[in-house]
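Data file: protein-v9.txt. Format and content: compact mmCIF, C-alpha atoms and all ligand atoms.
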```
# COMPACT_ATOMS: atom_id res chain seq x y z
CA MET F 1 86.78 124.54 93.86
CA ARG F 2 88.53 124.67 90.48
CA VAL F 3 89.91 121.21 89.78
CA PHE F 4 92.76 120.65 87.31
CA ILE F 5 93.61 116.97 86.93
CA ASN F 6 96.89 115.54 85.72
CA HIS F 7 97.59 112.35 83.79
CA CYS F 8 94.86 111.58 81.24
CA HIS F 9 95.64 109.19 78.39
CA VAL F 10 93.72 109.83 75.19
CA TYR F 11 93.54 107.81 71.98
CA PRO F 12 92.07 108.21 68.50
CA GLU F 13 88.54 106.89 68.25
CA GLY F 14 88.34 103.56 66.44
CA LEU F 15 92.09 103.04 66.80
CA CYS F 16 91.74 99.43 67.87
CA GLN F 17 89.44 97.16 69.82
CA GLU F 18 91.27 97.34 73.13
CA TRP F 19 89.02 98.66 75.90
CA TRP F 20 91.43 101.47 76.76
CA ALA F 21 91.40 102.73 73.20
CA LYS F 22 87.61 102.71 73.17
CA GLU F 23 87.22 104.35 76.57
CA GLY F 24 90.11 106.76 76.48
CA THR F 25 88.84 109.19 73.89
CA ILE F 26 88.75 112.97 74.09
CA PRO F 27 84.90 113.10 73.98
CA ASN F 28 84.72 110.58 76.84
CA LEU F 29 87.18 112.54 78.91
CA LYS F 30 85.27 115.77 78.29
CA LYS F 31 82.02 114.10 79.28
CA CYS F 32 83.57 112.96 82.55
CA MET F 33 85.06 116.39 83.25
CA GLU F 34 81.68 117.99 82.74
CA LYS F 35 79.96 115.44 84.97
CA LEU F 36 82.41 115.96 87.81
CA GLY F 37 82.89 119.70 87.36
CA ILE F 38 86.58 119.36 86.48
CA GLU F 39 87.85 122.54 84.91
CA LYS F 40 91.07 121.45 83.20
CA ALA F 41 93.12 118.35 82.45
CA VAL F 42 96.59 117.37 81.27
CA VAL F 43 96.38 114.94 78.35
CA PHE F 44 98.88 112.82 76.47
CA ALA F 45 98.67 110.37 73.58
CA LEU F 46 100.02 106.87 73.29
CA LEU F 47 103.59 106.06 73.98
CA LYS F 48 105.92 104.82 71.33
CA GLY F 49 105.82 101.10 70.69
CA THR F 50 102.16 100.61 71.53
CA PRO F 51 100.82 98.25 68.87
CA SER F 52 98.58 99.65 66.16
CA PHE F 53 99.47 103.27 66.81
CA THR F 54 102.89 103.21 65.23
CA SER F 55 101.67 104.54 61.90
CA ILE F 56 100.48 107.78 63.49
CA ASP F 57 102.61 110.46 65.11
CA ALA F 58 100.93 110.55 68.52
CA ASN F 59 102.11 114.06 69.40
CA GLU F 60 100.95 115.56 66.10
CA TRP F 61 97.61 113.78 66.37
CA LEU F 62 97.04 115.15 69.86
CA LEU F 63 98.02 118.67 68.92
CA LYS F 64 95.54 118.72 66.06
CA LYS F 65 92.76 117.23 68.17
CA ILE F 66 92.96 119.70 71.01
CA GLN F 67 93.52 122.89 69.07
CA LYS F 68 90.10 124.21 70.06
CA GLU F 69 90.05 122.63 73.52
CA ASN F 70 91.17 125.40 75.84
CA ASN F 71 90.86 123.27 78.96
CA LEU F 72 93.03 120.36 77.76
CA HIS F 73 96.75 120.87 78.22
CA PRO F 74 99.02 118.53 76.27
CA PHE F 75 102.14 116.74 77.48
CA THR F 76 104.35 115.32 74.77
CA THR F 77 105.62 111.73 74.73
CA ILE F 78 109.20 111.39 73.49
CA VAL F 79 111.76 108.69 74.36
CA PRO F 80 114.39 110.85 76.11
CA THR F 81 117.34 108.70 75.05
CA GLU F 82 116.57 108.69 71.35
CA LYS F 83 118.61 110.75 68.94
CA ASP F 84 117.37 114.34 68.69
CA ALA F 85 115.06 113.91 71.72
CA ALA F 86 116.02 117.37 73.03
CA LYS F 87 115.43 118.94 69.64
CA LYS F 88 112.07 117.22 69.37
CA LEU F 89 111.11 118.47 72.82
CA ARG F 90 111.92 122.07 71.91
CA LYS F 91 109.89 121.70 68.72
CA TYR F 92 106.82 120.37 70.51
CA ILE F 93 106.97 122.89 73.34
CA ALA F 94 107.11 125.65 70.73
CA LYS F 95 103.99 124.12 69.16
CA GLY F 96 102.04 124.31 72.41
CA PHE F 97 102.87 121.31 74.58
CA VAL F 98 103.37 122.23 78.24
CA GLY F 99 105.20 119.20 79.68
CA ALA F 100 106.28 115.65 78.93
CA LYS F 101 105.16 112.21 80.11
CA LEU F 102 107.89 109.60 80.46
CA HIS F 103 107.44 105.91 81.05
CA PRO F 104 110.79 104.12 81.48
CA GLU F 105 109.34 100.62 81.18
CA VAL F 106 107.12 101.24 78.16
CA GLN F 107 109.69 103.45 76.43
CA ARG F 108 112.57 101.17 77.44
CA PHE F 109 115.05 103.67 78.83
CA GLN F 110 117.00 103.77 82.07
CA ILE F 111 116.18 106.89 84.06
CA ASN F 112 119.80 107.99 84.59
CA ASP F 113 121.08 106.99 81.15
CA PRO F 114 123.61 109.67 80.09
CA ALA F 115 121.92 109.66 76.67
CA ALA F 116 118.88 111.31 78.31
CA GLU F 117 120.92 114.22 79.70
CA ASP F 118 120.37 116.58 76.76
CA PHE F 119 116.64 115.98 77.01
CA TYR F 120 116.61 116.72 80.75
CA THR F 121 118.71 119.86 80.20
CA ALA F 122 116.29 121.04 77.52
CA ALA F 123 113.30 120.46 79.82
CA GLU F 124 115.05 122.39 82.58
CA GLU F 125 115.78 125.32 80.26
CA LEU F 126 112.24 125.29 78.87
CA ARG F 127 110.86 125.28 82.44
CA ILE F 128 108.45 122.44 81.71
CA PRO F 129 107.59 119.64 84.15
CA LEU F 130 108.52 116.03 83.45
CA LEU F 131 106.09 113.39 84.63
CA PHE F 132 107.72 110.00 85.28
CA HIS F 133 105.78 106.81 85.75
CA THR F 134 107.22 104.96 88.74
CA GLY F 135 106.07 101.72 90.33
CA VAL F 136 106.45 98.07 89.40
CA HIS F 137 105.53 97.64 85.72
CA GLY F 138 107.66 94.77 84.35
CA TRP F 139 111.23 95.05 82.95
CA TYR F 140 114.35 95.39 85.12
CA LEU F 141 113.51 97.28 88.30
CA LYS F 142 117.05 98.63 88.57
CA LYS F 143 116.49 100.63 85.40
CA TYR F 144 113.57 102.62 86.74
CA ARG F 145 113.54 102.48 90.52
CA PRO F 146 112.72 105.92 91.98
CA ILE F 147 116.14 106.50 93.56
CA LEU F 148 117.49 107.12 90.03
CA LEU F 149 115.38 110.28 89.90
CA ASP F 150 117.49 111.67 92.73
CA GLU F 151 120.41 111.88 90.31
CA VAL F 152 118.30 113.68 87.69
CA ALA F 153 116.91 116.09 90.29
CA GLN F 154 120.35 116.85 91.72
CA ASN F 155 121.86 117.45 88.29
CA HIS F 156 118.94 119.67 87.24
CA PRO F 157 117.84 121.75 90.23
CA ASN F 158 115.50 123.88 88.11
CA LEU F 159 113.75 120.93 86.55
CA SER F 160 110.34 120.05 88.02
CA ILE F 161 109.92 116.28 88.31
CA ILE F 162 106.55 114.70 89.06
CA ILE F 163 107.16 111.23 90.51
CA GLU F 164 103.90 109.60 89.45
CA HIS F 165 102.39 106.91 91.66
CA VAL F 166 104.97 107.88 94.35
CA GLY F 167 107.07 104.85 93.44
CA GLY F 168 104.08 102.51 93.68
CA TYR F 169 103.29 100.64 96.87
CA ALA F 170 106.63 98.79 96.90
CA PHE F 171 108.91 101.82 96.40
CA PHE F 172 107.00 104.34 98.49
CA TYR F 173 109.71 104.95 101.08
CA GLU F 174 112.46 105.14 98.48
CA THR F 175 110.39 107.81 96.74
CA LEU F 176 109.82 109.63 100.01
CA ALA F 177 113.62 109.88 100.38
CA VAL F 178 113.90 111.39 96.89
CA LEU F 179 111.09 113.85 97.69
CA GLN F 180 112.70 114.88 100.97
CA ASN F 181 116.07 115.27 99.31
CA ASN F 182 114.88 117.36 96.35
CA LYS F 183 112.55 120.35 96.50
CA ASN F 184 112.12 120.15 92.72
CA CYS F 185 110.40 116.75 93.00
CA TYR F 186 106.64 116.38 93.34
CA ALA F 187 104.53 113.45 94.50
CA GLY F 188 102.09 112.39 91.76
CA ILE F 189 99.20 110.54 93.39
CA ALA F 190 97.46 109.06 90.33
CA GLN F 191 95.02 106.16 90.60
CA THR F 192 95.96 105.28 94.11
CA ARG F 193 92.78 104.22 95.88
CA ARG F 194 92.76 100.74 94.32
CA LYS F 195 94.45 97.80 96.02
CA ASP F 196 94.56 95.60 92.92
CA ILE F 197 97.28 97.61 91.19
CA PRO F 198 100.96 98.07 92.15
CA TRP F 199 100.52 101.79 92.83
CA TYR F 200 98.01 101.59 95.63
CA LEU F 201 98.55 104.44 98.06
CA PRO F 202 96.77 103.94 101.39
CA LEU F 203 95.26 107.04 102.91
CA GLU F 204 97.74 106.89 105.78
CA ARG F 205 100.59 107.20 103.28
CA LEU F 206 98.92 110.17 101.64
CA ASN F 207 98.80 111.74 105.08
CA ILE F 208 102.51 111.00 105.57
CA LEU F 209 103.19 112.84 102.29
CA ILE F 210 101.12 115.81 103.41
CA GLU F 211 102.97 116.00 106.72
CA MET F 212 106.50 115.22 105.55
CA VAL F 213 106.60 116.63 102.01
CA GLY F 214 103.80 119.18 102.14
CA ALA F 215 100.58 119.69 100.17
CA GLU F 216 102.38 122.17 97.90
CA ARG F 217 104.34 119.26 96.42
CA ILE F 218 101.49 116.80 95.88
CA ILE F 219 99.70 116.60 92.53
CA TYR F 220 96.55 114.63 91.87
CA GLY F 221 96.45 112.65 88.61
CA ALA F 222 93.53 110.70 87.20
CA ASP F 223 95.23 108.01 85.11
CA PHE F 224 92.22 108.11 82.80
CA PRO F 225 90.99 105.76 81.29
CA TRP F 226 92.55 103.13 83.58
CA ASN F 227 90.78 104.99 86.31
CA ASN F 228 87.23 105.49 85.07
CA CYS F 229 85.00 108.45 85.78
CA GLU F 230 83.58 106.81 88.90
CA GLY F 231 87.10 106.15 90.19
CA ILE F 232 88.10 109.76 89.56
CA ARG F 233 85.03 110.93 91.46
CA THR F 234 85.96 108.68 94.40
CA ASP F 235 89.56 109.97 94.35
CA ILE F 236 88.50 113.62 94.40
CA GLU F 237 86.03 112.92 97.18
CA ALA F 238 88.75 111.21 99.24
CA ILE F 239 90.96 114.29 98.92
CA ASN F 240 88.08 116.59 99.77
CA ASN F 241 87.38 114.50 102.87
CA LEU F 242 90.93 114.83 104.21
CA ASP F 243 91.28 116.61 107.50
CA ILE F 244 93.33 119.50 106.09
CA PRO F 245 92.51 123.15 105.22
CA SER F 246 90.75 123.71 101.91
CA GLU F 247 93.73 125.69 100.52
CA LYS F 248 95.80 122.52 100.76
CA LYS F 249 93.13 120.48 99.00
CA GLU F 250 93.04 123.08 96.23
CA LYS F 251 96.79 122.79 95.79
CA ILE F 252 96.64 118.99 95.50
CA LEU F 253 93.66 119.11 93.14
CA GLY F 254 95.26 121.40 90.57
CA GLY F 255 96.84 124.46 92.16
CA ASN F 256 100.32 122.96 92.13
CA LEU F 257 99.97 121.64 88.61
CA ALA F 258 98.79 125.03 87.33
CA ARG F 259 101.80 126.66 88.98
CA LEU F 260 104.27 124.26 87.32
CA ILE F 261 102.74 124.75 83.91
CA LYS F 262 102.59 128.51 84.23
CA LYS F 263 106.36 128.61 84.69
CA ASN F 264 106.67 127.99 81.01
CA GLY F 265 104.51 130.81 79.78
ZN ZN U 301 100.12 106.87 82.62
```

Represent the structure from my file as structure tokens, please.
Amino acid sequence: MRVFINHCHVYPEGLCQEWWAKEGTIPNLKKCMEKLGIEKAVVFALLKGTPSFTSIDANEWLLKKIQKENNLHPFTTIVPTEKDAAKKLRKYIAKGFVGAKLHPEVQRFQINDPAAEDFYTAAEELRIPLLFHTGVHGWYLKKYRPILLDEVAQNHPNLSIIIEHVGGYAFFYETLAVLQNNKNCYAGIAQTRRKDIPWYLPLERLNILIEMVGAERIIYGADFPWNNCEGIRTDIEAINNLDIPSEKKEKILGGNLARLIKKNG
């Protein structure tokens, strides 16, 4: 099976002493992909505001680093409410990015802020997917609870929205409502086998998603390096062990992601 994983964070080597910066390097990711037979991966660099990375333009750094890496597909990281966010998005997509990762808590924006509208419109026109982190992560919950994505999805019916972590454990059913209400929304099931994090997704909930939303709208993400290579292996195994036809497993493990990214080419 050809596996294409979503959601891999990568950082410059020697950036700082934090474990995630040391682990989450492009060589480490490539090593893991090789070990597990993963064909392709979506990668993105640090988000704005992360200490000790502010002197580097994360998007430019990533672009340069992966120029010769045909199996790494970059998502840009732009704060959608900042001035010229739409213009920046167009610029980076023209340079080779194929989507965008958004993190309302880390980037400090409210999902349905009118200031983000131009950015969402640009993404819709460019036919690129937007990946939103959802799930409890600090800051005011009302600014990033999954129901707010309903408004974005309704206003932009041609925009593909990946709701990463399916709202987290606490907002699962709210996210399910958004998924049922909007065919342009996808369930991102990154790093979900662990119970010690707010986005634990029990297997029974994954089965609910398969039955009620459909395998064609479920996208596996690794959340590398927070999920290490062993964790990614366990995740992939769990999907392969599901009692569903192999075509559905293939869709979850990369087929859907490939389809969303192809739209823009
Ligand atoms: Zn992430």

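Of the listed residues F:Gly254, F:Pro12, F:Gly24, F:Pro202, the one whose atoms come nearest to ligand ZN 301 (chain U) is F:Gly24, with distances taken using only C-alpha atoms and all ligand atoms.
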
Sorted by chain and rising residue number, list the residues of chain F at most 9 Å from ligand ZN 301 (chain U) (counting all atoms listed in the file), each with its closest atom pair and distance in Å to one decimal, as CSV.
```
residue,atom,partner,partner_atom,distance
F:His7,CA,U:ZN301,ZN,6.1
F:Cys8,CA,U:ZN301,ZN,7.2
F:His9,CA,U:ZN301,ZN,6.6
F:Phe44,CA,U:ZN301,ZN,8.6
F:Lys101,CA,U:ZN301,ZN,7.8
F:Leu102,CA,U:ZN301,ZN,8.5
F:His103,CA,U:ZN301,ZN,7.5
F:Phe132,CA,U:ZN301,ZN,8.6
F:His133,CA,U:ZN301,ZN,6.5
F:Glu164,CA,U:ZN301,ZN,8.3
F:Ala190,CA,U:ZN301,ZN,8.4
F:Ala222,CA,U:ZN301,ZN,8.9
F:Asp223,CA,U:ZN301,ZN,5.6
F:Phe224,CA,U:ZN301,ZN,8.0
F:Trp226,CA,U:ZN301,ZN,8.5
```

Export C-alpha atoms of the chosen residues as a short mmCIF file (atom, residue, chain, number, x, y, z; two decimals), in the frame of the given file?
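Now in out19.cif:
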```cif
data_model
loop_
_atom_site.label_atom_id
_atom_site.label_comp_id
_atom_site.auth_asym_id
_atom_site.auth_seq_id
_atom_site.Cartn_x
_atom_site.Cartn_y
_atom_site.Cartn_z
CA HIS F 7 97.59 112.35 83.79
CA CYS F 8 94.86 111.58 81.24
CA HIS F 9 95.64 109.19 78.39
CA PHE F 44 98.88 112.82 76.47
CA LYS F 101 105.16 112.21 80.11
CA LEU F 102 107.89 109.60 80.46
CA HIS F 103 107.44 105.91 81.05
CA PHE F 132 107.72 110.00 85.28
CA HIS F 133 105.78 106.81 85.75
CA GLU F 164 103.90 109.60 89.45
CA ALA F 190 97.46 109.06 90.33
CA ALA F 222 93.53 110.70 87.20
CA ASP F 223 95.23 108.01 85.11
CA PHE F 224 92.22 108.11 82.80
CA TRP F 226 92.55 103.13 83.58
#
```

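Using all atoms listed in the file, the smallest distance between any of F:Lys95, F:Lys22, F:Arg145, F:Arg2 and Ile38 (chain F) comes from F:Arg2.
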
Using only C-alpha atoms, which of F:Cys185, F:Tyr169, F:Asn59, F:Glu124 sits nearest Asp150 (chain F)?
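Closest to Asp150 (chain F), using only C-alpha atoms: F:Cys185.
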
Restricting to all atoms listed in the file, whichever of F:Val213, F:Asn207, F:Leu257, F:Val106 is closest to Asp243 (chain F) is F:Asn207

- Query: Which residues, protein or nucleic acid, reach to within 12 Å of (98.3, 101.2, 99.8) in the file's coordinates when using only C-alpha atoms, and can you give that as a list of chain:residue names?
  - Reply: F:His165, F:Val166, F:Gly167, F:Gly168, F:Tyr169, F:Ala170, F:Phe171, F:Phe172, F:Ile189, F:Gln191, F:Thr192, F:Arg193, F:Arg194, F:Lys195, F:Asp196, F:Ile197, F:Pro198, F:Trp199, F:Tyr200, F:Leu201, F:Pro202, F:Leu203, F:Glu204, F:Arg205, F:Leu206, F:Asn207

From CA of Ile93 (chain F) to CA of Ala122 (chain F) the spacing works out at 10.4 Å

Item checked: Option closest in space to Tyr186 (chain F), from F:Tyr144, F:Tyr92, F:Tyr220, F:Trp139 [counting all atoms listed in the file] ->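 Counting all atoms listed in the file, the residue closest to Tyr186 (chain F) is F:Tyr220.
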
Margin query: Can you measure CA of Val10 (chain F) to CA of Leu149 (chain F) for me? One decimal in Å is fine.
Written below: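 Between these atoms lies a distance of 26.2 Å.
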
Open item on the list: Please report the interatomic distance between CA of Gln110 (chain F) and CA of Ile163 (chain F) in Å with one decimal.
Closed with: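 These two atoms are separated by 15.0 Å.
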
Of F:Ile208, F:Met1, F:Ile111, F:Met33, the one nearest to Tyr140 (chain F) when counting all atoms listed in the file is F:Ile111

List the spatial neighbours of Arg233 (chain F) as a list of chain:residue names - criterion: any atom at most 10 Å away, only C-alpha atoms, same-chain residues fewer than 4 positions off excluded. F:Cys32, F:Met33, F:Lys35, F:Leu36, F:Gly37, F:Ile38, F:Ala222, F:Asn227, F:Asn228, F:Cys229, F:Glu237, F:Ala238

Mind listing as number ranges by chain all residues within 8 Å of (104.5, 116.0, 97.2), counting all atoms listed in the file? F: 179, 185-188, 209-210, 213-219
